[in-house]
$ cat query38.cif   # mmCIF, C-alpha atoms
data_query
#
loop_
_atom_site.label_atom_id
_atom_site.label_comp_id
_atom_site.auth_asym_id
_atom_site.auth_seq_id
_atom_site.Cartn_x
_atom_site.Cartn_y
_atom_site.Cartn_z
CA MET A 426 -11.54 -19.42 -26.71
CA ILE A 427 -13.27 -16.93 -24.41
CA VAL A 428 -11.71 -16.53 -20.97
CA GLU A 429 -14.33 -15.04 -18.67
CA ILE A 430 -13.17 -12.18 -16.45
CA LYS A 431 -14.88 -11.94 -13.07
CA ARG A 432 -16.73 -8.75 -12.21
CA ARG A 433 -14.60 -8.10 -9.11
CA GLU A 434 -11.41 -8.31 -11.14
CA ARG A 435 -12.85 -6.32 -14.04
CA ASP A 436 -14.11 -3.48 -11.83
CA ALA A 437 -10.88 -3.31 -9.82
CA ILE A 438 -8.83 -2.92 -13.02
CA LEU A 439 -11.05 -0.31 -14.66
CA GLN A 440 -11.56 1.80 -11.53
CA SER A 441 -7.82 1.85 -10.86
CA LEU A 442 -6.93 2.77 -14.43
CA GLN A 443 -9.48 5.60 -14.61
CA ALA A 444 -8.09 7.04 -11.37
CA GLY A 445 -4.54 6.83 -12.72
CA LEU A 446 -3.62 4.08 -10.26
CA VAL A 447 -2.11 0.63 -10.65
CA PRO A 448 -4.59 -2.21 -10.12
CA ARG A 449 -3.65 -4.89 -7.60
CA LEU A 450 -5.68 -7.53 -9.43
CA GLY A 451 -5.41 -8.77 -12.99
CA LEU A 452 -2.19 -7.11 -14.11
CA HIS A 453 -1.59 -10.03 -16.48
CA LEU A 454 -4.79 -9.13 -18.33
CA ILE A 455 -3.48 -5.75 -19.49
CA GLN A 456 0.31 -6.13 -19.44
CA VAL A 457 2.10 -5.29 -22.69
CA GLY A 458 5.70 -4.67 -23.70
CA ARG A 459 8.60 -4.26 -21.25
CA LYS A 460 9.85 -7.71 -22.27
CA GLN A 461 13.55 -6.98 -21.78
CA GLU A 462 12.97 -5.14 -18.50
CA VAL A 463 10.88 -8.02 -17.14
CA GLU A 464 13.51 -10.55 -18.17
CA ALA A 465 16.17 -8.53 -16.34
CA LEU A 466 14.10 -8.48 -13.15
CA LEU A 467 13.30 -12.19 -13.50
CA ALA A 468 17.06 -12.80 -13.49
CA ASP A 469 17.25 -10.80 -10.25
CA LEU A 470 14.50 -12.92 -8.69
CA ALA A 471 16.36 -16.07 -9.71
CA ARG A 472 19.50 -14.72 -8.05
CA ILE A 473 17.59 -14.08 -4.83
CA GLU A 474 16.14 -17.61 -4.96
CA GLN A 475 19.66 -18.99 -5.17
CA GLY A 476 20.74 -17.14 -2.03
CA GLY A 477 22.06 -13.97 -3.65
CA ALA A 478 20.89 -10.36 -3.56
CA ALA A 479 19.64 -7.75 -6.01
CA PHE A 480 19.36 -3.97 -6.19
CA ARG A 481 17.47 -2.02 -8.86
CA ILE A 482 16.26 1.54 -9.31
CA VAL A 483 13.44 1.79 -11.85
CA VAL A 484 13.57 5.16 -13.59
CA GLY A 485 10.93 6.90 -15.69
CA ARG A 486 8.97 10.14 -15.89
CA PHE A 487 5.62 10.70 -14.16
CA GLY A 488 2.96 8.45 -15.74
CA SER A 489 5.44 6.25 -17.60
CA GLY A 490 4.40 3.06 -15.80
CA LYS A 491 6.93 2.69 -12.96
CA SER A 492 4.36 1.65 -10.37
CA PHE A 493 2.71 -0.71 -12.85
CA PHE A 494 6.06 -2.32 -13.60
CA MET A 495 6.90 -2.69 -9.90
CA ASN A 496 3.55 -4.34 -9.19
CA LEU A 497 4.08 -6.71 -12.10
CA VAL A 498 7.45 -7.79 -10.67
CA ARG A 499 5.83 -8.03 -7.24
CA ASN A 500 3.30 -10.54 -8.59
CA LEU A 501 6.07 -12.55 -10.25
CA ALA A 502 7.96 -12.66 -6.95
CA LEU A 503 4.89 -13.92 -5.11
CA GLN A 504 4.51 -16.69 -7.68
CA LYS A 505 8.09 -17.71 -6.91
CA ARG A 506 7.20 -18.07 -3.21
CA MET A 507 8.94 -14.91 -2.11
CA VAL A 508 7.92 -12.60 0.70
CA VAL A 509 7.19 -9.14 -0.71
CA ILE A 510 7.12 -5.98 1.41
CA GLN A 511 6.35 -2.59 -0.07
CA ALA A 512 5.79 1.04 0.88
CA ASP A 513 5.81 4.54 -0.58
CA MET A 514 8.46 6.88 0.75
CA SER A 515 7.27 10.15 2.29
CA MET A 516 8.53 12.94 4.52
CA GLU A 517 7.52 10.79 7.50
CA ARG A 518 8.98 7.57 6.04
CA ARG A 519 12.54 7.48 4.75
CA LEU A 520 15.76 5.44 4.95
CA GLN A 521 17.67 7.49 7.50
CA ALA A 522 16.54 9.91 10.20
CA SER A 523 16.69 10.51 13.93
CA GLY A 524 13.02 11.19 14.60
CA GLY A 525 11.52 7.78 13.88
CA GLU A 526 11.13 8.20 10.10
CA ALA A 527 13.22 5.12 9.23
CA ARG A 528 11.33 3.07 11.83
CA ALA A 529 8.08 4.33 10.29
CA LEU A 530 9.21 3.17 6.83
CA TYR A 531 10.11 -0.27 8.19
CA SER A 532 6.75 -0.47 9.98
CA GLU A 533 4.87 0.40 6.78
CA LEU A 534 6.84 -2.22 4.85
CA LEU A 535 5.95 -4.93 7.38
CA LYS A 536 2.28 -3.92 7.47
CA ASN A 537 2.18 -4.55 3.71
CA LEU A 538 4.03 -7.88 3.92
CA ALA A 539 2.53 -10.25 1.35
CA ILE A 540 2.93 -13.93 0.54
CA LYS A 541 1.44 -16.04 -2.22
CA ASN A 542 -1.53 -17.19 -0.12
CA LYS A 543 -2.21 -13.65 1.12
CA PRO A 544 -1.12 -11.27 -1.66
CA ASP A 545 -2.99 -8.21 -0.34
CA GLY A 546 -0.66 -7.66 2.63
CA GLY A 547 -0.95 -8.09 6.37
CA ALA A 548 0.62 -11.55 6.18
CA LEU A 549 3.20 -11.31 8.99
CA ARG A 550 1.12 -13.51 11.31
CA ASN A 551 0.65 -16.03 8.49
CA LEU A 552 4.41 -16.09 7.96
CA CYS A 553 5.07 -16.87 11.64
CA ASP A 554 2.22 -19.39 11.95
CA GLY A 555 3.35 -21.23 8.81
CA TRP A 556 6.89 -21.52 10.16
CA ILE A 557 5.70 -22.96 13.48
CA SER A 558 3.21 -25.35 11.83
CA THR A 559 5.89 -26.74 9.52
CA LEU A 560 8.28 -27.41 12.40
CA GLN A 561 5.53 -28.96 14.52
CA TYR A 562 4.57 -31.28 11.67
CA GLU A 563 8.16 -32.38 11.02
CA VAL A 564 8.91 -33.07 14.70
CA LYS A 565 5.65 -34.83 15.55
CA GLN A 566 5.75 -36.94 12.40
CA SER A 567 8.98 -38.44 13.72
CA GLY A 568 7.41 -39.12 17.13
CA GLY A 569 8.55 -35.97 18.92
CA THR A 570 6.73 -34.15 21.72
CA GLU A 571 5.85 -30.49 22.23
CA GLU A 572 9.07 -30.11 24.19
CA ASP A 573 10.98 -31.47 21.20
CA VAL A 574 9.24 -28.87 19.03
CA LYS A 575 10.41 -26.15 21.38
CA LYS A 576 14.00 -27.40 21.17
CA ARG A 577 13.76 -27.51 17.38
CA ILE A 578 12.50 -23.91 17.36
CA PHE A 579 15.57 -22.71 19.25
CA GLU A 580 17.92 -24.80 17.08
CA ASP A 581 16.31 -23.39 13.96
CA LEU A 582 16.83 -19.83 15.17
CA LYS A 583 20.39 -20.34 16.42
CA SER A 584 22.04 -19.12 13.22
CA LEU A 585 20.12 -15.82 13.37
CA LYS A 586 21.81 -14.91 16.64
CA ASP A 587 25.10 -14.31 14.82
CA GLN A 588 23.61 -11.36 12.94
CA VAL A 589 23.31 -7.82 14.28
CA GLY A 590 20.22 -7.73 16.50
CA GLY A 591 19.68 -11.45 15.99
CA PHE A 592 19.53 -12.33 19.68
CA GLU A 593 16.52 -10.09 20.34
CA PHE A 594 14.91 -11.13 17.07
CA THR A 595 15.04 -14.80 18.08
CA GLN A 596 13.80 -13.96 21.59
CA VAL A 597 10.72 -12.29 20.13
CA LEU A 598 10.02 -15.22 17.80
CA ALA A 599 10.37 -17.58 20.78
CA LYS A 600 7.82 -15.43 22.64
CA TYR A 601 5.49 -15.67 19.68
CA TYR A 602 5.79 -19.46 19.75
CA GLU A 603 5.10 -19.43 23.48
CA GLY A 604 1.92 -17.45 22.90
CA TYR A 605 1.00 -19.67 19.94
CA VAL A 606 1.18 -22.87 22.01
CA SER A 607 -0.50 -21.47 25.12
CA GLY A 608 -3.19 -19.56 23.21
CA ASN A 609 -1.98 -16.25 24.65
CA ASP A 610 -3.17 -13.76 22.03
CA ALA A 611 -1.74 -10.80 23.94
CA LEU A 612 1.77 -12.28 23.85
CA GLN A 613 1.48 -13.06 20.14
CA SER A 614 0.23 -9.54 19.41
CA ALA A 615 3.12 -8.04 21.38
CA ALA A 616 5.61 -10.13 19.40
CA LEU A 617 4.06 -9.08 16.09
CA ARG A 618 4.05 -5.49 17.24
CA TRP A 619 7.79 -5.72 17.92
CA LEU A 620 8.44 -7.36 14.55
CA ARG A 621 6.52 -4.55 12.84
CA ALA A 622 8.67 -1.94 14.63
CA GLU A 623 5.67 -0.48 16.44
CA TYR A 624 7.42 -0.17 19.81
CA THR A 625 8.79 3.34 20.28
CA THR A 626 10.56 2.77 23.64
CA LYS A 627 12.81 0.00 24.91
CA THR A 628 11.12 0.16 28.32
CA GLU A 629 7.73 -0.84 26.91
CA ALA A 630 9.26 -3.67 24.86
CA ARG A 631 11.09 -4.96 27.93
CA GLN A 632 7.89 -4.98 29.99
CA ASP A 633 5.93 -6.90 27.35
CA LEU A 634 8.59 -9.22 25.88
CA ASP A 635 11.65 -9.01 28.15
CA VAL A 636 13.88 -7.74 25.33
CA ARG A 637 16.30 -4.82 25.60
CA ARG A 638 16.28 -3.72 21.98
CA ILE A 639 13.72 -2.46 19.48
CA ILE A 640 13.72 -1.89 15.74
CA ASP A 641 14.45 1.80 15.27
CA ASP A 642 16.13 4.30 12.95
CA GLU A 643 19.59 2.90 13.63
CA ASN A 644 18.98 -0.70 12.55
CA PHE A 645 16.61 -0.43 9.57
CA PHE A 646 18.79 -2.39 7.12
CA ASP A 647 20.00 -4.93 9.70
CA SER A 648 16.38 -5.74 10.54
CA LEU A 649 15.58 -6.35 6.87
CA LYS A 650 18.49 -8.80 6.70
CA LEU A 651 17.07 -10.66 9.70
CA LEU A 652 13.62 -10.75 8.11
CA ALA A 653 15.12 -12.26 4.95
CA ALA A 654 17.00 -14.92 6.95
CA PHE A 655 13.86 -15.82 8.89
CA SER A 656 11.71 -15.95 5.74
CA ILE A 657 14.07 -18.47 4.20
CA LYS A 658 13.81 -20.61 7.34
CA ALA A 659 10.02 -20.34 7.08
CA GLY A 660 10.18 -22.00 3.66
CA TYR A 661 10.19 -18.98 1.36
CA THR A 662 12.79 -18.21 -1.29
CA GLY A 663 13.69 -14.71 -0.12
CA VAL A 664 12.38 -11.19 0.42
CA LEU A 665 11.73 -8.49 -2.19
CA VAL A 666 11.58 -4.91 -0.89
CA ASN A 667 9.57 -2.49 -3.07
CA ILE A 668 9.94 1.21 -2.28
CA ASP A 669 8.26 3.81 -4.49
CA GLU A 670 8.51 7.63 -4.56
CA LEU A 671 12.28 7.88 -4.30
CA VAL A 672 11.79 11.48 -5.41
CA VAL A 673 11.00 12.31 -1.77
CA LEU A 674 14.69 12.01 -0.91
CA SER A 675 15.92 14.11 -3.80
CA HIS A 676 13.37 16.90 -4.15
CA ARG A 677 11.26 17.06 -1.00
CA LEU A 678 13.92 17.02 1.69
CA PRO A 679 14.87 20.70 2.10
CA SER A 680 18.06 19.94 4.04
CA THR A 681 21.23 18.99 2.20
CA ARG A 682 22.42 17.12 5.26
CA ALA A 683 19.22 15.05 5.40
CA ARG A 684 19.61 14.12 1.73
CA GLN A 685 23.24 13.15 2.21
CA THR A 686 22.52 10.87 5.19
CA ASN A 687 19.76 9.13 3.23
CA TYR A 688 22.04 8.73 0.24
CA GLU A 689 24.68 7.22 2.53
CA SER A 690 22.12 4.64 3.70
CA LEU A 691 21.15 3.92 0.10
CA LEU A 692 24.83 3.50 -0.78
CA ASN A 693 25.30 1.07 2.10
CA ILE A 694 22.37 -1.05 0.89
CA LEU A 695 23.62 -0.97 -2.71
CA ASN A 696 27.17 -1.95 -1.73
CA ASP A 697 26.07 -4.88 0.43
CA CYS A 698 23.71 -6.19 -2.26
CA LEU A 699 26.23 -5.92 -5.11
CA GLN A 700 29.17 -7.27 -3.08
CA GLY A 701 27.34 -10.41 -1.98
CA SER A 702 27.15 -9.52 1.72
CA VAL A 703 23.38 -10.11 1.79
CA ARG A 704 21.52 -13.37 1.31
CA GLY A 705 18.02 -13.81 -0.06
CA LEU A 706 17.18 -10.10 -0.20
CA GLY A 707 16.34 -7.82 -3.11
CA PHE A 708 15.53 -4.11 -3.41
CA MET A 709 13.50 -2.42 -6.14
CA LEU A 710 13.09 1.35 -5.84
CA ALA A 711 11.36 3.73 -8.23
CA GLY A 712 12.13 7.35 -9.09
CA THR A 713 12.02 9.89 -11.90
CA ASP A 714 14.80 10.80 -14.32
CA GLU A 715 15.49 14.04 -12.46
CA CYS A 716 15.52 12.21 -9.14
CA LEU A 717 18.45 10.22 -10.50
CA GLU A 718 20.29 12.69 -12.72
CA ASP A 719 19.93 16.08 -11.00
CA LYS A 720 23.53 16.87 -10.02
CA ARG A 721 22.43 19.36 -7.40
CA ARG A 722 19.79 17.38 -5.50
CA GLY A 723 19.44 13.97 -7.16
CA LEU A 724 21.27 10.72 -6.54
CA TYR A 725 24.03 11.87 -8.89
CA SER A 726 24.79 14.71 -6.48
CA TYR A 727 26.35 12.11 -4.17
CA GLU A 728 29.53 11.12 -6.00
CA ALA A 729 29.84 7.63 -4.51
CA LEU A 730 26.31 6.82 -5.66
CA ARG A 731 26.79 8.41 -9.07
CA SER A 732 29.85 6.28 -9.80
CA ARG A 733 27.86 3.12 -9.07
CA LEU A 734 24.61 4.11 -10.78
CA VAL A 735 25.99 5.71 -13.94
CA GLU A 736 24.80 3.80 -16.98
CA ASN A 737 26.88 2.14 -19.67
CA ARG A 738 28.10 4.78 -22.12
CA LEU A 739 27.59 2.39 -25.00
CA ALA A 740 23.86 2.11 -24.25
CA GLY A 741 21.39 4.37 -26.06
CA ASN A 742 20.14 4.86 -29.61
CA GLY A 743 18.42 1.49 -29.61
CA VAL A 744 21.15 -0.28 -27.60
CA VAL A 745 20.12 -1.38 -24.09
CA ASP A 746 22.05 -2.70 -21.12
CA PHE A 747 20.14 -3.99 -18.08
CA SER A 748 23.15 -5.35 -16.22
CA GLY A 749 23.56 -2.22 -14.07
CA PRO A 750 21.50 -1.16 -11.04
CA VAL A 751 19.39 1.32 -13.05
CA VAL A 752 16.47 0.08 -15.17
CA ARG A 753 15.27 2.91 -17.39
CA LEU A 754 11.78 2.16 -18.71
CA GLN A 755 11.64 2.43 -22.48
CA ASN A 756 8.73 4.15 -24.19
CA LEU A 757 5.95 1.89 -25.41
CA ALA A 758 5.81 1.50 -29.18
CA PRO A 759 2.60 2.51 -31.04
CA GLU A 760 1.89 -1.19 -31.65
CA GLU A 761 2.20 -1.91 -27.93
CA LEU A 762 -0.15 0.96 -27.06
CA LEU A 763 -2.68 -0.48 -29.49
CA VAL A 764 -2.44 -3.88 -27.81
CA LEU A 765 -2.83 -2.18 -24.42
CA LEU A 766 -6.10 -0.54 -25.51
CA ARG A 767 -7.30 -3.88 -26.89
CA ASN A 768 -6.60 -5.50 -23.55
CA VAL A 769 -8.48 -2.76 -21.70
CA ARG A 770 -11.44 -3.16 -24.08
CA ASN A 771 -11.39 -6.91 -23.46
CA VAL A 772 -11.43 -6.41 -19.69
CA HIS A 773 -14.33 -3.96 -20.00
CA ALA A 774 -16.30 -6.61 -21.93
CA TYR A 775 -15.62 -9.31 -19.29
CA GLY A 776 -13.41 -11.11 -21.81
CA ASP A 777 -16.28 -11.64 -24.31
CA PRO A 778 -15.52 -10.26 -27.82
CA THR A 779 -19.25 -10.16 -28.60
CA LYS A 780 -19.66 -7.45 -25.92
CA TYR A 781 -17.04 -5.04 -27.28
CA ILE A 782 -18.48 -1.51 -27.21
CA VAL A 783 -16.07 -0.09 -29.79
CA PRO A 784 -14.44 -1.62 -32.90
CA ASP A 785 -10.73 -1.72 -33.74
CA ASP A 786 -11.16 1.46 -35.78
CA ALA A 787 -12.00 3.33 -32.59
CA LEU A 788 -8.75 2.19 -30.92
CA GLU A 789 -6.68 3.46 -33.83
CA ALA A 790 -8.62 6.73 -33.87
CA VAL A 791 -7.99 7.25 -30.12
CA LEU A 792 -4.25 6.74 -30.59
CA LYS A 793 -4.19 9.07 -33.59
CA LYS A 794 -6.02 11.74 -31.59
CA ALA A 795 -3.61 11.25 -28.68
CA ASN A 796 -0.66 11.65 -31.04
CA GLU A 797 -2.07 14.88 -32.41
CA THR A 798 -2.84 16.24 -28.92
CA LEU A 799 0.09 15.09 -26.83
CA GLY A 800 2.85 15.15 -29.41
CA ALA A 801 6.09 13.68 -28.09
CA ASP A 802 4.40 12.85 -24.74
CA TYR A 803 2.19 10.40 -26.63
CA TYR A 804 4.76 7.63 -26.15
CA LYS A 805 6.02 8.68 -22.73
CA THR A 806 2.84 8.74 -20.64
CA PRO A 807 0.52 5.82 -21.44
CA ARG A 808 -1.37 6.64 -18.24
CA ASP A 809 -3.07 9.66 -19.90
CA ILE A 810 -4.20 7.65 -22.92
CA VAL A 811 -5.51 4.73 -20.85
CA ARG A 812 -7.45 7.01 -18.49
CA SER A 813 -9.10 8.73 -21.45
CA PHE A 814 -9.94 5.43 -23.14
CA VAL A 815 -11.49 3.91 -20.00
CA GLY A 816 -13.56 7.09 -19.65
CA LEU A 817 -14.74 6.70 -23.25
CA LEU A 818 -15.80 3.08 -22.66
CA ASN A 819 -17.68 4.00 -19.49
CA VAL A 820 -19.53 6.87 -21.20
CA LEU A 821 -20.54 4.69 -24.15
CA GLU A 822 -21.72 1.94 -21.82
CA GLN A 823 -24.01 4.34 -19.97
CA ASN A 824 -25.09 6.23 -23.10
CA PRO A 825 -25.67 3.57 -25.79
CA ASN A 826 -27.43 6.06 -28.10
CA HIS A 827 -24.18 7.94 -28.70
CA LYS A 828 -21.39 6.90 -31.07
CA TRP A 829 -17.70 6.87 -30.21
CA GLN A 830 -16.87 9.30 -33.05
CA GLU A 831 -18.77 12.08 -31.24
CA PHE A 832 -16.30 12.15 -28.35
CA LEU A 833 -13.04 12.37 -30.29
CA SER A 834 -13.55 16.09 -30.93
CA GLN A 835 -14.52 16.84 -27.31
CA GLY A 836 -11.10 16.78 -25.71
CA LEU A 837 -10.87 13.03 -25.22
CA VAL A 838 -7.16 13.37 -24.45
CA LYS A 839 -6.20 16.67 -22.85
CA PRO A 840 -2.89 18.25 -23.86
CA ALA A 841 -0.35 19.04 -21.18
CA ASP A 842 -0.14 22.82 -20.77
CA LYS A 843 3.56 22.65 -20.11
CA PRO A 844 5.76 19.76 -19.01
CA LEU A 845 6.61 20.25 -15.34
CA SER A 846 9.97 19.40 -13.88
CA VAL A 847 10.18 17.40 -10.70
CA GLU A 848 10.92 20.54 -8.70
CA GLU A 849 7.85 22.25 -10.16
CA GLU A 850 5.68 19.24 -9.32
CA ILE A 851 6.96 19.21 -5.75
CA ALA A 852 6.63 22.99 -5.38
CA ARG A 853 2.86 22.53 -5.50
CA GLU A 854 3.08 20.78 -2.12
CA VAL A 855 6.29 21.99 -0.47
CA PRO A 856 7.71 25.50 -0.88
CA PRO A 857 11.32 25.40 -2.15
CA VAL A 858 14.11 26.02 0.37
CA ALA A 859 17.52 27.23 -0.75
CA ASP A 860 20.32 24.81 0.06
CA GLY A 861 22.30 27.44 1.90
CA ASN A 862 19.41 28.53 4.12
CA GLU A 863 18.09 25.30 5.66
CA GLY A 864 16.04 25.97 8.73
CA LEU A 865 15.59 29.71 7.89
CA ALA A 866 12.38 31.41 6.86
CA SER A 867 11.49 34.90 5.71
CA PHE A 868 8.71 36.81 7.41
CA LYS A 869 7.15 40.26 7.42
CA LEU A 870 5.73 42.20 10.37
#

$ encode --input "query38.cif" --output "structure tokens"
Amino acid sequence: MIVEIKRRERDAILQSLQAGLVPRLGLHLIQVGRKQEVEALLADLARIEQGGAAFRIVVGRFGSGKSFFMNLVRNLALQKRMVVIQADMSMERRLQASGGEARALYSELLKNLAIKNKPDGGALRNLCDGWISTLQYEVKQSGGTEEDVKKRIFEDLKSLKDQVGGFEFTQVLAKYYEGYVSGNDALQSAALRWLRAEYTTKTEARQDLDVRRIIDDENFFDSLKLLAAFSIKAGYTGVLVNIDELVVLSHRLPSTRARQTNYESLLNILNDCLQGSVRGLGFMLAGTDECLEDKRRGLYSYEALRSRLVENRLAGNGVVDFSGPVVRLQNLAPEELLVLLRNVRNVHAYGDPTKYIVPDDALEAVLKKANETLGADYYKTPRDIVRSFVGLLNVLEQNPNHKWQEFLSQGLVKPADKPLSVEEEIAREVPPVADGNEGLASFKL
């Protein structure tokens, strides 16, 4: 049976893959392998649904499929009626800081808030409107008035006031409801702006919303807890927080003190999630092997984190254990890579086998060439192989007079000159700073 693939979905997948990016659409059309890892994360999602919490760090080298895996889990969470927020960490967005960087990370997470009916992000207004509509329907179905709806709103939010920052959080939601009922767009926008942590001063927030507190660097995690509690009240099963580029903390922050304070925040989140102090909230972060294991700059350099993240000594040599916080992505098997290329070929042909540009022999030849060129990296970085294969399909589509065999000897898959460490990758963008000389620079007159 032929399942037709729409052009929008097909183009989005192929363009993303050729650029080395993870497509937002159609992940199920190309997903292969990772069965045990996916099952482990599905168990986490089930725990969140049942009112628990989860914490995972997805580990793998550059190009191993971390972002792809995180987006796959993101889609599964949306199908389970979870709220998903995601962001990439950067020098301007991190867990702990005093210059607005943590607030900036929270703001980016909320801008990308997604729900099942709006999976592309920007769904904070939809979340609030859905909550109000549900309460209005329940109250008015039983003969209540608008005043009864207002009372129900405050009753529904009462439990949030017991949490840190809950009083102001409920005040802002009440202001949003006020603007919703009266048609005051400015008041609604101000409330959403507060919820997205876009207020930088308490004075401005007080003028617009009559609240004395804002979401800032000091209450990043507490605000996420409040968001999770509110999302559950709005009818969702919990909140999944996706944060990529954890390597920023380990190898881009030049200050040891800055790394330590961020690791302390990460430890606080991990402890609360594993000890059951959080309800309906899950974290999935992604980083490289060196980001985790580097004992000088990585997460293992912070002893309290290392003791909690260290993997089971019995795991390895074909034995896996996904019960701990760290999920180390396994290399794809040759058979799985072959299936992956078949899936990409199917997407390129709009799901119609009669439109395949290359036969199965070409797929095997591409993998053989990749094995000869990349060596051990052949299994570790499927991104390089997929990019080359999509390029081959595009060239053949636009040049039908040429045969696929002609391109195998023309550097279809380029060999890596030399595997770069994380520090070498980062050094391209940020000059290294010695740990003992933070804040100092050399100069010449």

$ resolve_selection --input "query38.cif" --expression "the PyMOL selection byres ((chain A and resi 597-599) around 9)" --output "ChimeraX atom specification"
/A:553,575,578-579,582,592-596,600-604,615-617,619-620,634-636

$ write_last_selection --input "query38.cif" --atoms "C-alpha atoms" --output "compact mmCIF listing (two decimals), in the coordinates of the input"
# COMPACT_ATOMS: atom_id res chain seq x y z
CA CYS A 553 5.07 -16.87 11.64
CA LYS A 575 10.41 -26.15 21.38
CA ILE A 578 12.50 -23.91 17.36
CA PHE A 579 15.57 -22.71 19.25
CA LEU A 582 16.83 -19.83 15.17
CA PHE A 592 19.53 -12.33 19.68
CA GLU A 593 16.52 -10.09 20.34
CA PHE A 594 14.91 -11.13 17.07
CA THR A 595 15.04 -14.80 18.08
CA GLN A 596 13.80 -13.96 21.59
CA LYS A 600 7.82 -15.43 22.64
CA TYR A 601 5.49 -15.67 19.68
CA TYR A 602 5.79 -19.46 19.75
CA GLU A 603 5.10 -19.43 23.48
CA GLY A 604 1.92 -17.45 22.90
CA ALA A 615 3.12 -8.04 21.38
CA ALA A 616 5.61 -10.13 19.40
CA LEU A 617 4.06 -9.08 16.09
CA TRP A 619 7.79 -5.72 17.92
CA LEU A 620 8.44 -7.36 14.55
CA LEU A 634 8.59 -9.22 25.88
CA ASP A 635 11.65 -9.01 28.15
CA VAL A 636 13.88 -7.74 25.33

$ resolve_selection --input "query38.cif" --expression "the PyMOL selection byres ((chain A and resi 697) around 12)" --output "PyMOL selection string"
chain A and resi 477-480+646-647+650+690-696+698-704+706-708

$ resolve_selection --input "query38.cif" --expression "the PyMOL selection byres ((chain A and resi 455) around 10)" --output "PyMOL selection string"
chain A and resi 438+451-454+456-457+764-772

$ atom_distance --input "query38.cif" --atom1 "atom CA of Asn500 of chain A" --atom2 "atom CA of Leu450 of chain A"
9.5 Å

$ closest_atom_pairs --input "query38.cif" --of "segment 640-734 of chain A" --to "segment 521-527 of chain A" --cutoff "7 Å" --atoms "only C-alpha atoms" --output "CSV"
residue,atom,partner,partner_atom,distance
A:Asp641,CA,A:Gly525,CA,6.8
A:Asp642,CA,A:Ala527,CA,4.8
A:Phe645,CA,A:Ala527,CA,6.5
A:Thr686,CA,A:Gln521,CA,6.3
A:Asn687,CA,A:Gln521,CA,5.0
A:Ser690,CA,A:Gln521,CA,6.5

$ atom_distance --input "query38.cif" --atom1 "atom CA of Arg682 of chain A" --atom2 "atom CA of Arg722 of chain A"
11.1 Å

$ closest_residue --input "query38.cif" --among "A:Arg812, A:Lys491, A:Asp786, A:Ser726" --to "Ser441 of chain A" --atoms "all atoms listed in the file"
A:Arg812

$ closest_residue --input "query38.cif" --among "A:Val672, A:Leu757, A:Met507, A:Leu762" --to "Leu470 of chain A" --atoms "only C-alpha atoms"
A:Met507
